[in-house]
file coords-v1.pdb (PDB, C-alpha atoms)
ATOM      1  CA  MET A   1       0.000   0.000   0.000
ATOM      2  CA  PRO A   2       1.518   3.363  -0.989
ATOM      3  CA  THR A   3       2.404   5.915   1.662
ATOM      4  CA  LEU A   4       2.112   9.695   1.459
ATOM      5  CA  ALA A   5       5.724  10.122   2.569
ATOM      6  CA  GLN A   6       8.333   8.036   0.782
ATOM      7  CA  GLY A   7      11.498   8.189  -1.282
ATOM      8  CA  VAL A   8      13.883  11.088  -0.699
ATOM      9  CA  ILE A   9      12.698  14.026   1.398
ATOM     10  CA  VAL A  10      15.063  16.955   1.935
ATOM     11  CA  PRO A  11      15.321  18.650   5.351
ATOM     12  CA  LEU A  12      16.071  22.061   3.922
ATOM     13  CA  ILE A  13      18.772  24.442   5.011
ATOM     14  CA  THR A  14      17.528  27.969   5.734
ATOM     15  CA  PRO A  15      19.718  30.386   3.745
ATOM     16  CA  PHE A  16      20.486  33.702   5.455
ATOM     17  CA  LYS A  17      21.590  37.045   4.068
ATOM     18  CA  LYS A  18      24.552  38.925   5.504
ATOM     19  CA  ASP A  19      22.243  40.597   8.045
ATOM     20  CA  LEU A  20      21.002  37.085   9.013
ATOM     21  CA  SER A  21      17.492  37.623   7.685
ATOM     22  CA  ILE A  22      16.084  34.749   5.624
ATOM     23  CA  ASP A  23      17.360  34.735   2.050
ATOM     24  CA  PHE A  24      14.235  33.741   0.125
ATOM     25  CA  GLU A  25      15.939  34.170  -3.249
ATOM     26  CA  GLY A  26      18.621  31.693  -2.234
ATOM     27  CA  LEU A  27      15.957  29.300  -1.003
ATOM     28  CA  LYS A  28      14.045  29.649  -4.275
ATOM     29  CA  TRP A  29      17.196  28.695  -6.194
ATOM     30  CA  LEU A  30      17.663  25.604  -4.037
ATOM     31  CA  LEU A  31      14.022  24.521  -4.219
ATOM     32  CA  ASN A  32      13.997  24.765  -8.010
ATOM     33  CA  ARG A  33      17.183  22.694  -8.294
ATOM     34  CA  LEU A  34      15.873  20.038  -5.902
ATOM     35  CA  ALA A  35      12.604  19.765  -7.814
ATOM     36  CA  GLU A  36      14.588  19.359 -11.045
ATOM     37  CA  ALA A  37      16.652  16.625  -9.374
ATOM     38  CA  GLY A  38      13.452  14.671  -8.721
ATOM     39  CA  VAL A  39      13.277  14.594  -4.928
ATOM     40  CA  ASP A  40       9.966  13.429  -3.485
ATOM     41  CA  GLY A  41       9.529  16.048  -0.805
ATOM     42  CA  VAL A  42      11.037  18.914   1.155
ATOM     43  CA  PHE A  43      11.013  19.680   4.875
ATOM     44  CA  PRO A  44      11.330  23.401   5.693
ATOM     45  CA  SER A  45      11.795  24.554   9.300
ATOM     46  CA  SER A  46      13.925  21.474   9.953
ATOM     47  CA  SER A  47      16.800  20.831  12.348
ATOM     48  CA  THR A  48      19.132  21.207   9.362
ATOM     49  CA  GLY A  49      17.355  24.507   8.724
ATOM     50  CA  GLU A  50      18.044  25.836  12.228
ATOM     51  CA  PHE A  51      14.362  26.020  13.139
ATOM     52  CA  VAL A  52      15.190  26.739  16.792
ATOM     53  CA  HIS A  53      16.752  30.024  15.668
ATOM     54  CA  LEU A  54      13.642  31.129  13.776
ATOM     55  CA  SER A  55      10.766  33.133  15.204
ATOM     56  CA  MET A  56       7.197  31.860  14.952
ATOM     57  CA  GLU A  57       6.471  34.345  12.180
ATOM     58  CA  GLU A  58       9.620  33.351  10.291
ATOM     59  CA  ILE A  59       8.615  29.676  10.497
ATOM     60  CA  LYS A  60       5.157  30.434   9.120
ATOM     61  CA  GLU A  61       6.555  32.572   6.307
ATOM     62  CA  LEU A  62       9.258  30.033   5.455
ATOM     63  CA  ASN A  63       6.699  27.248   5.220
ATOM     64  CA  ARG A  64       4.289  29.366   3.150
ATOM     65  CA  PHE A  65       7.045  30.441   0.755
ATOM     66  CA  THR A  66       8.231  26.852   0.276
ATOM     67  CA  VAL A  67       4.744  25.619  -0.644
ATOM     68  CA  GLU A  68       4.272  28.516  -3.056
ATOM     69  CA  CYS A  69       7.692  28.108  -4.653
ATOM     70  CA  VAL A  70       7.515  24.365  -5.367
ATOM     71  CA  GLY A  71       4.013  24.745  -6.792
ATOM     72  CA  GLY A  72       3.073  21.108  -6.336
ATOM     73  CA  ARG A  73       6.203  19.719  -7.997
ATOM     74  CA  VAL A  74       7.214  17.998  -4.755
ATOM     75  CA  LYS A  75       5.417  17.414  -1.469
ATOM     76  CA  VAL A  76       6.036  19.839   1.391
ATOM     77  CA  PHE A  77       6.227  18.629   4.999
ATOM     78  CA  PRO A  78       7.028  21.630   7.217
ATOM     79  CA  GLY A  79       8.547  21.158  10.627
ATOM     80  CA  ALA A  80       6.142  21.858  13.498
ATOM     81  CA  THR A  81       8.165  21.327  16.646
ATOM     82  CA  ALA A  82       7.826  23.357  19.843
ATOM     83  CA  ASN A  83       7.796  22.777  23.574
ATOM     84  CA  SER A  84       4.167  23.929  23.752
ATOM     85  CA  THR A  85       1.444  21.793  22.187
ATOM     86  CA  ASP A  86      -0.494  24.960  21.385
ATOM     87  CA  HIS A  87       2.490  26.404  19.532
ATOM     88  CA  VAL A  88       2.779  23.215  17.476
ATOM     89  CA  LEU A  89      -0.893  23.494  16.553
ATOM     90  CA  GLU A  90      -0.418  27.143  15.610
ATOM     91  CA  ILE A  91       2.368  26.187  13.180
ATOM     92  CA  ILE A  92       0.240  23.359  11.769
ATOM     93  CA  GLU A  93      -2.758  25.647  11.234
ATOM     94  CA  ALA A  94      -0.618  28.109   9.266
ATOM     95  CA  ALA A  95       0.957  25.267   7.254
ATOM     96  CA  TYR A  96      -2.529  23.967   6.420
ATOM     97  CA  ASP A  97      -3.617  27.423   5.264
ATOM     98  CA  ALA A  98      -0.487  27.598   3.106
ATOM     99  CA  GLY A  99      -1.314  24.297   1.393
ATOM    100  CA  ALA A 100       1.309  21.960   2.890
ATOM    101  CA  ASP A 101       0.973  18.195   2.470
ATOM    102  CA  GLY A 102       1.755  17.255   6.066
ATOM    103  CA  VAL A 103       3.947  18.196   9.027
ATOM    104  CA  ILE A 104       6.906  16.673  10.852
ATOM    105  CA  VAL A 105       6.753  16.920  14.638
ATOM    106  CA  ALA A 106       9.562  16.124  17.091
ATOM    107  CA  PRO A 107       8.825  15.735  20.824
ATOM    108  CA  PRO A 108       8.841  18.747  23.148
ATOM    109  CA  PHE A 109      12.428  18.748  24.348
ATOM    110  CA  TYR A 110      12.790  21.139  27.279
ATOM    111  CA  PHE A 111      10.938  19.222  29.992
ATOM    112  CA  ARG A 112      11.951  15.774  28.709
ATOM    113  CA  PRO A 113       8.415  14.318  28.957
ATOM    114  CA  GLY A 114       7.703  10.767  30.047
ATOM    115  CA  HIS A 115       5.482   8.341  28.140
ATOM    116  CA  GLU A 116       2.204   9.742  29.463
ATOM    117  CA  VAL A 117       3.022  13.372  28.674
ATOM    118  CA  LEU A 118       4.453  12.379  25.291
ATOM    119  CA  TRP A 119       1.245  10.520  24.475
ATOM    120  CA  ARG A 120      -0.866  13.502  25.543
ATOM    121  CA  HIS A 121       1.187  15.863  23.371
ATOM    122  CA  TYR A 122       0.966  13.767  20.229
ATOM    123  CA  SER A 123      -2.639  12.638  20.714
ATOM    124  CA  LEU A 124      -3.824  16.238  21.078
ATOM    125  CA  ILE A 125      -1.928  17.135  17.908
ATOM    126  CA  ALA A 126      -3.346  14.102  16.065
ATOM    127  CA  GLU A 127      -6.887  14.984  17.106
ATOM    128  CA  LYS A 128      -6.687  18.654  16.136
ATOM    129  CA  SER A 129      -4.322  18.711  13.158
ATOM    130  CA  LYS A 130      -5.865  19.332   9.750
ATOM    131  CA  LEU A 131      -2.711  17.903   8.177
ATOM    132  CA  PRO A 132      -1.155  14.422   8.254
ATOM    133  CA  VAL A 133       1.474  14.141  11.004
ATOM    134  CA  ILE A 134       4.887  12.500  10.734
ATOM    135  CA  LEU A 135       6.550  11.807  14.083
ATOM    136  CA  TYR A 136      10.231  12.668  14.434
ATOM    137  CA  ASN A 137      12.436  10.604  16.719
ATOM    138  CA  ASN A 138      15.792  12.361  17.213
ATOM    139  CA  PRO A 139      17.052  11.577  20.720
ATOM    140  CA  ALA A 140      20.538  13.017  20.116
ATOM    141  CA  ILE A 141      18.906  16.456  19.971
ATOM    142  CA  THR A 142      15.758  16.100  22.068
ATOM    143  CA  GLY A 143      17.071  13.686  24.695
ATOM    144  CA  ILE A 144      13.902  11.616  24.217
ATOM    145  CA  VAL A 145      13.366   8.295  22.477
ATOM    146  CA  ILE A 146       9.763   7.975  21.342
ATOM    147  CA  PRO A 147       8.902   4.444  22.528
ATOM    148  CA  VAL A 148       7.910   2.017  19.791
ATOM    149  CA  GLU A 149       4.788   1.236  21.822
ATOM    150  CA  VAL A 150       3.738   4.898  21.698
ATOM    151  CA  VAL A 151       4.389   5.054  17.947
ATOM    152  CA  ALA A 152       2.303   1.916  17.386
ATOM    153  CA  LYS A 153      -0.555   3.174  19.574
ATOM    154  CA  LEU A 154      -0.632   6.519  17.754
ATOM    155  CA  ALA A 155      -0.599   4.768  14.376
ATOM    156  CA  LYS A 156      -3.421   2.462  15.458
ATOM    157  CA  GLU A 157      -5.689   5.117  16.986
ATOM    158  CA  TYR A 158      -5.101   8.074  14.664
ATOM    159  CA  SER A 159      -5.223   7.860  10.892
ATOM    160  CA  SER A 160      -3.765  11.378  10.833
ATOM    161  CA  VAL A 161      -0.429  10.001  12.135
ATOM    162  CA  ILE A 162       1.047   8.700   8.898
ATOM    163  CA  GLY A 163       4.706   8.004   9.571
ATOM    164  CA  ILE A 164       7.916   8.558  11.475
ATOM    165  CA  LYS A 165      11.334   9.962  10.733
ATOM    166  CA  VAL A 166      13.936   8.000  12.695
ATOM    167  CA  THR A 167      17.227   9.790  13.319
ATOM    168  CA  TYR A 168      18.631   7.312  15.798
ATOM    169  CA  ASP A 169      21.694   5.086  15.583
ATOM    170  CA  SER A 170      19.800   1.956  16.563
ATOM    171  CA  ILE A 171      19.110  -0.724  13.982
ATOM    172  CA  LYS A 172      17.059  -2.534  16.615
ATOM    173  CA  TYR A 173      14.742   0.452  17.057
ATOM    174  CA  LEU A 174      14.389   0.898  13.305
ATOM    175  CA  MET A 175      13.527  -2.767  12.781
ATOM    176  CA  ARG A 176      11.013  -2.751  15.640
ATOM    177  CA  VAL A 177       9.226   0.292  14.256
ATOM    178  CA  ILE A 178       9.029  -1.261  10.796
ATOM    179  CA  ASP A 179       7.888  -4.662  12.057
ATOM    180  CA  GLU A 180       5.532  -3.606  14.846
ATOM    181  CA  VAL A 181       4.037  -0.410  13.476
ATOM    182  CA  LYS A 182       3.650  -1.528   9.873
ATOM    183  CA  GLY A 183       2.015  -4.609  11.363
ATOM    184  CA  VAL A 184      -0.678  -2.258  12.629
ATOM    185  CA  ARG A 185      -0.715   0.100   9.615
ATOM    186  CA  LYS A 186       0.748  -1.060   6.316
ATOM    187  CA  ASP A 187       0.527   2.494   4.943
ATOM    188  CA  PHE A 188       2.570   3.912   7.853
ATOM    189  CA  ALA A 189       5.781   5.448   6.483
ATOM    190  CA  VAL A 190       9.101   4.674   8.149
ATOM    191  CA  LEU A 191      11.898   6.989   7.017
ATOM    192  CA  THR A 192      15.449   7.115   8.243
ATOM    193  CA  GLY A 193      16.911  10.509   9.084
ATOM    194  CA  SER A 194      20.424   9.235   8.365
ATOM    195  CA  ALA A 195      21.566   9.007   4.749
ATOM    196  CA  TYR A 196      23.953   6.170   5.567
ATOM    197  CA  LEU A 197      21.018   4.024   6.732
ATOM    198  CA  ILE A 198      18.830   4.468   3.660
ATOM    199  CA  LEU A 199      19.551   1.076   2.108
ATOM    200  CA  PRO A 200      19.173  -0.903   5.365
ATOM    201  CA  THR A 201      15.900   0.957   5.949
ATOM    202  CA  LEU A 202      14.597  -0.072   2.527
ATOM    203  CA  MET A 203      15.838  -3.641   3.013
ATOM    204  CA  PHE A 204      13.973  -3.946   6.328
ATOM    205  CA  GLY A 205      10.762  -2.751   4.667
ATOM    206  CA  GLY A 206      10.959   1.008   5.270
ATOM    207  CA  ASP A 207      10.100   3.729   2.805
ATOM    208  CA  GLY A 208      13.087   6.033   2.298
ATOM    209  CA  ALA A 209      15.065   8.819   3.914
ATOM    210  CA  VAL A 210      14.763  12.377   5.175
ATOM    211  CA  ALA A 211      18.414  13.151   4.616
ATOM    212  CA  ALA A 212      20.282  16.467   4.982
ATOM    213  CA  LEU A 213      22.792  15.161   2.441
ATOM    214  CA  ALA A 214      20.083  15.527  -0.230
ATOM    215  CA  ASN A 215      20.480  19.328  -0.098
ATOM    216  CA  VAL A 216      23.657  18.841  -2.124
ATOM    217  CA  TYR A 217      23.598  15.242  -3.415
ATOM    218  CA  PRO A 218      19.938  14.571  -4.260
ATOM    219  CA  LYS A 219      20.588  12.597  -7.436
ATOM    220  CA  THR A 220      22.617   9.834  -5.793
ATOM    221  CA  LEU A 221      20.024   9.329  -3.077
ATOM    222  CA  LYS A 222      17.174   9.404  -5.568
ATOM    223  CA  GLU A 223      19.013   6.987  -7.854
ATOM    224  CA  LEU A 224      19.370   4.553  -4.961
ATOM    225  CA  HIS A 225      15.676   4.722  -4.128
ATOM    226  CA  ARG A 226      14.623   4.440  -7.776
ATOM    227  CA  LYS A 227      16.830   1.424  -8.425
ATOM    228  CA  TRP A 228      15.663  -0.301  -5.251
ATOM    229  CA  ALA A 229      12.017   0.288  -6.132
ATOM    230  CA  SER A 230      12.563  -1.150  -9.628
ATOM    231  CA  GLY A 231      14.251  -4.274  -8.268
ATOM    232  CA  ASP A 232      17.716  -3.424  -9.586
ATOM    233  CA  TYR A 233      19.412  -4.225  -6.288
ATOM    234  CA  GLY A 234      22.918  -4.283  -7.719
ATOM    235  CA  ALA A 235      22.594  -0.700  -8.947
ATOM    236  CA  ALA A 236      21.044   0.282  -5.614
ATOM    237  CA  ALA A 237      24.032  -1.191  -3.793
ATOM    238  CA  ARG A 238      26.436   0.738  -6.016
ATOM    239  CA  ALA A 239      24.568   3.966  -5.311
ATOM    240  CA  TYR A 240      24.666   3.134  -1.621
ATOM    241  CA  SER A 241      28.434   2.811  -1.750
ATOM    242  CA  ARG A 242      28.583   6.398  -2.993
ATOM    243  CA  VAL A 243      26.127   7.525  -0.294
ATOM    244  CA  LEU A 244      28.489   6.124   2.320
ATOM    245  CA  GLU A 245      31.381   8.083   0.801
ATOM    246  CA  LEU A 246      29.313  11.279   0.673
ATOM    247  CA  SER A 247      28.274  10.786   4.296
ATOM    248  CA  ARG A 248      31.801  11.782   5.324
ATOM    249  CA  LEU A 249      30.477  15.335   4.989
ATOM    250  CA  TYR A 250      28.884  14.848   8.418
ATOM    251  CA  THR A 251      32.333  14.452   9.992
ATOM    252  CA  ILE A 252      33.766  17.762   8.741
ATOM    253  CA  HIS A 253      31.780  20.048  11.047
ATOM    254  CA  ASP A 254      29.610  19.645  14.118
ATOM    255  CA  ASN A 255      26.554  21.133  12.383
ATOM    256  CA  ILE A 256      25.493  19.636   9.076
ATOM    257  CA  GLY A 257      23.395  22.650   8.063
ATOM    258  CA  ALA A 258      26.386  24.961   8.399
ATOM    259  CA  ALA A 259      28.561  22.526   6.431
ATOM    260  CA  ILE A 260      26.004  22.312   3.616
ATOM    261  CA  LYS A 261      25.658  26.089   3.337
ATOM    262  CA  ALA A 262      29.417  26.528   3.173
ATOM    263  CA  LEU A 263      29.738  23.730   0.623
ATOM    264  CA  LEU A 264      27.059  25.292  -1.593
ATOM    265  CA  HIS A 265      28.757  28.678  -1.337
ATOM    266  CA  LEU A 266      32.133  27.203  -2.305
ATOM    267  CA  ALA A 267      30.478  25.462  -5.259
ATOM    268  CA  GLY A 268      29.279  28.806  -6.607
ATOM    269  CA  ALA A 269      25.625  28.486  -5.613
ATOM    270  CA  PRO A 270      23.802  31.698  -4.619
ATOM    271  CA  ILE A 271      23.798  30.568  -0.987
ATOM    272  CA  LEU A 272      25.798  32.443   1.652
ATOM    273  CA  PRO A 273      27.521  30.433   4.407
ATOM    274  CA  HIS A 274      25.920  32.415   7.244
ATOM    275  CA  VAL A 275      24.381  30.769  10.309
ATOM    276  CA  ARG A 276      22.811  32.416  13.322
ATOM    277  CA  PRO A 277      24.739  32.479  16.615
ATOM    278  CA  PRO A 278      25.863  30.508  18.441
ATOM    279  CA  LEU A 279      26.476  28.277  15.410
ATOM    280  CA  ALA A 280      29.695  28.862  13.522
ATOM    281  CA  THR A 281      30.799  28.359   9.932
ATOM    282  CA  PRO A 282      33.108  25.381   9.272
ATOM    283  CA  ASP A 283      36.700  25.210   8.138
ATOM    284  CA  THR A 284      36.612  25.872   4.404
ATOM    285  CA  GLU A 285      39.843  24.036   3.581
ATOM    286  CA  ALA A 286      38.376  20.664   4.509
ATOM    287  CA  LEU A 287      35.234  21.465   2.533
ATOM    288  CA  LYS A 288      37.260  22.537  -0.514
ATOM    289  CA  GLU A 289      38.977  19.158  -0.539
ATOM    290  CA  PHE A 290      35.630  17.405  -0.153
ATOM    291  CA  LEU A 291      34.127  19.432  -3.009
ATOM    292  CA  LYS A 292      37.023  18.562  -5.334
ATOM    293  CA  LYS A 293      36.309  14.900  -4.804
ATOM    294  CA  TYR A 294      32.516  15.138  -4.714
ATOM    295  CA  PRO A 295      30.998  17.965  -6.809
ATOM    296  CA  ILE A 296      27.481  18.919  -5.790
ATOM    297  CA  GLU A 297      24.615  17.425  -7.809
ATOM    298  CA  LEU A 298      22.589  20.577  -8.470
ATOM    299  CA  ALA A 299      22.276  22.169 -11.890
ATOM    300  CA  PRO A 300      23.974  25.617 -12.133
TER     301      PRO A 300
END

call {"tool": "encode", "arguments": {"input": "coords-v1.pdb", "output": "structure tokens"}}
result
Amino acid sequence: MPTLAQGVIVPLITPFKKDLSIDFEGLKWLLNRLAEAGVDGVFPSSSTGEFVHLSMEEIKELNRFTVECVGGRVKVFPGATANSTDHVLEIIEAAYDAGADGVIVAPPFYFRPGHEVLWRHYSLIAEKSKLPVILYNNPAITGIVIPVEVVAKLAKEYSSVIGIKVTYDSIKYLMRVIDEVKGVRKDFAVLTGSAYLILPTLMFGGDGAVAALANVYPKTLKELHRKWASGDYGAAARAYSRVLELSRLYTIHDNIGAAIKALLHLAGAPILPHVRPPLATPDTEALKEFLKKYPIELAP
């Protein structure tokens, strides 16, 4: 059974001008190139896009602009993460008005909620959201692992909860989500948030990846997914080998969004390398060497 969220979804960087306001022209350039590369969806207001450094109004405007710019060429799943359930619902309402396809929601991270509070947060969102909801498990950032039991219960009780993005270095967790939650809902999407786990995710029965790497190397990731879906597993494995090489980008700097912006800038894209404090730009020498070996996959 097909899922709404599958294939390669890009957690977008948020380009900034020199004064650190959002650079919508730079974002438009990137969105057009990603659509041309054939990605399946984009994820504005993401962790890669420094959503915690954006105001509520900036998040709403960023999401609205993204929907308008792609014009239906790819699906748009804005981020809707906040420590307040009401604030999440406010973001979702604006994303619905803008015409988004769904939203991606990480747990509230300040109070580190237990199972009961986590269930209350997501169930209230599921009940009130006018858009499909994709859960987002990223314990390295939030400090919270969404229990598989909670994911399965949400999937079973709410048709509006359509999938999960798993950014978690645990093959066991990934396999449990695929086996136990898809056992409840075959149309429930399971997406890895780590590019280097895309092939294992597909092999276990998952649906694709929400990978920051796709901001600069969308064609390799899309080639892997396309070849896997067509049954050409040898070609998929060869594409995966390249994905593993490209994943070394994550080791160059402690923030992947900053590394991607700097890499795009070095490649001549109309994207400035600016990030908002306290983030810092990476060492350009290491990125120059990386770029020589692995040119970006976006049309000029």

call {"tool": "atom_distance", "arguments": {"input": "coords-v1.pdb", "atom1": "atom CA of Val177 of chain A", "atom2": "atom CA of Ala236 of chain A"}}
result
23.1 Å

call {"tool": "residues_around", "arguments": {"input": "coords-v1.pdb", "residues": "Pro270 of chain A", "least_positions_apart": "2", "cutoff": "9 Å", "atoms": "only C-alpha atoms", "output": "ChimeraX atom specification"}}
result
/A:25-27,29-30,264-265,268,272

call {"tool": "residues_around", "arguments": {"input": "coords-v1.pdb", "residues": "segment 78-85 of chain A", "least_positions_apart": "5", "cutoff": "6 Å", "atoms": "only C-alpha atoms", "output": "list in words"}}
result
Phe43, Pro44, Ser45, Ser46, Asn63, Ile91, Val103, Ile104, Val105, Ala106 and Pro108 of chain A

call {"tool": "resolve_selection", "arguments": {"input": "coords-v1.pdb", "expression": "the PyMOL selection byres ((chain A and resi 12-15) around 10)", "output": "PyMOL selection string"}}
result
chain A and resi 9-11+16-18+20-28+30-31+42-51+54+62+66+78+210-215+256-258+260-261+270-275

call {"tool": "closest_atom_pairs", "arguments": {"input": "coords-v1.pdb", "of": "segment 150-225 of chain A", "to": "segment 128-131 of chain A", "cutoff": "10 Å", "atoms": "all atoms listed in the file", "output": "Markdown table"}}
result
| residue | atom | partner | partner_atom | distance |
| --- | --- | --- | --- | --- |
| A:Ser160 | CA | A:Leu131 | CA | 7.1 |
| A:Val161 | CA | A:Leu131 | CA | 9.1 |
| A:Ile162 | CA | A:Leu131 | CA | 10.0 |

call {"tool": "residues_around", "arguments": {"input": "coords-v1.pdb", "residues": "Ser241 of chain A", "least_positions_apart": "6", "cutoff": "12 Å", "atoms": "only C-alpha atoms", "output": "ChimeraX atom specification"}}
result
/A:195-199,220-221,223-224,234-235,247-248

call {"tool": "residues_around", "arguments": {"input": "coords-v1.pdb", "residues": "Gln6 of chain A", "least_positions_apart": "5", "cutoff": "7 Å", "atoms": "only C-alpha atoms", "output": "list in words"}}
result
Ala189, Asp207 and Gly208 of chain A

call {"tool": "residues_around", "arguments": {"input": "coords-v1.pdb", "residues": "segment 132-142 of chain A", "least_positions_apart": "4", "cutoff": "9 Å", "atoms": "all atoms listed in the file", "output": "PDB file with C-alpha atoms, keeping the file's coordinate frame"}}
result
ATOM      1  CA  LEU A   4       2.112   9.695   1.459  1.00  0.00           C
ATOM      2  CA  ALA A   5       5.724  10.122   2.569  1.00  0.00           C
ATOM      3  CA  PHE A  77       6.227  18.629   4.999  1.00  0.00           C
ATOM      4  CA  ASP A 101       0.973  18.195   2.470  1.00  0.00           C
ATOM      5  CA  GLY A 102       1.755  17.255   6.066  1.00  0.00           C
ATOM      6  CA  VAL A 103       3.947  18.196   9.027  1.00  0.00           C
ATOM      7  CA  ILE A 104       6.906  16.673  10.852  1.00  0.00           C
ATOM      8  CA  VAL A 105       6.753  16.920  14.638  1.00  0.00           C
ATOM      9  CA  ALA A 106       9.562  16.124  17.091  1.00  0.00           C
ATOM     10  CA  PRO A 107       8.825  15.735  20.824  1.00  0.00           C
ATOM     11  CA  PRO A 108       8.841  18.747  23.148  1.00  0.00           C
ATOM     12  CA  PHE A 109      12.428  18.748  24.348  1.00  0.00           C
ATOM     13  CA  TYR A 110      12.790  21.139  27.279  1.00  0.00           C
ATOM     14  CA  ARG A 112      11.951  15.774  28.709  1.00  0.00           C
ATOM     15  CA  TYR A 122       0.966  13.767  20.229  1.00  0.00           C
ATOM     16  CA  ILE A 125      -1.928  17.135  17.908  1.00  0.00           C
ATOM     17  CA  ALA A 126      -3.346  14.102  16.065  1.00  0.00           C
ATOM     18  CA  ILE A 146       9.763   7.975  21.342  1.00  0.00           C
ATOM     19  CA  VAL A 151       4.389   5.054  17.947  1.00  0.00           C
ATOM     20  CA  SER A 159      -5.223   7.860  10.892  1.00  0.00           C
ATOM     21  CA  SER A 160      -3.765  11.378  10.833  1.00  0.00           C
ATOM     22  CA  VAL A 161      -0.429  10.001  12.135  1.00  0.00           C
ATOM     23  CA  ILE A 162       1.047   8.700   8.898  1.00  0.00           C
ATOM     24  CA  GLY A 163       4.706   8.004   9.571  1.00  0.00           C
ATOM     25  CA  ILE A 164       7.916   8.558  11.475  1.00  0.00           C
ATOM     26  CA  LYS A 165      11.334   9.962  10.733  1.00  0.00           C
ATOM     27  CA  VAL A 166      13.936   8.000  12.695  1.00  0.00           C
ATOM     28  CA  THR A 167      17.227   9.790  13.319  1.00  0.00           C
ATOM     29  CA  TYR A 168      18.631   7.312  15.798  1.00  0.00           C
ATOM     30  CA  ALA A 189       5.781   5.448   6.483  1.00  0.00           C
ATOM     31  CA  GLY A 193      16.911  10.509   9.084  1.00  0.00           C
TER      32      GLY A 193
END

call {"tool": "atom_distance", "arguments": {"input": "coords-v1.pdb", "atom1": "atom CA of Lys222 of chain A", "atom2": "atom CA of Asn32 of chain A"}}
result
15.9 Å

call {"tool": "resolve_selection", "arguments": {"input": "coords-v1.pdb", "expression": "the PyMOL selection byres ((chain A and resi 69-73) around 9)", "output": "list in words"}}
result
Lys28, Leu31, Asn32, Ala35, Glu36, Gly38, Asp40, Gly41, Arg64, Phe65, Thr66, Val67, Glu68, Val74, Lys75 and Val76 of chain A

call {"tool": "resolve_selection", "arguments": {"input": "coords-v1.pdb", "expression": "the PyMOL selection byres ((chain A and resi 281-286) around 8)", "output": "VMD selection string"}}
result
chain A and resid 252 to 253 258 to 259 262 273 to 275 279 to 280 287 to 290

call {"tool": "atom_distance", "arguments": {"input": "coords-v1.pdb", "atom1": "atom CA of Ala229 of chain A", "atom2": "atom CA of Met203 of chain A"}}
result
10.7 Å
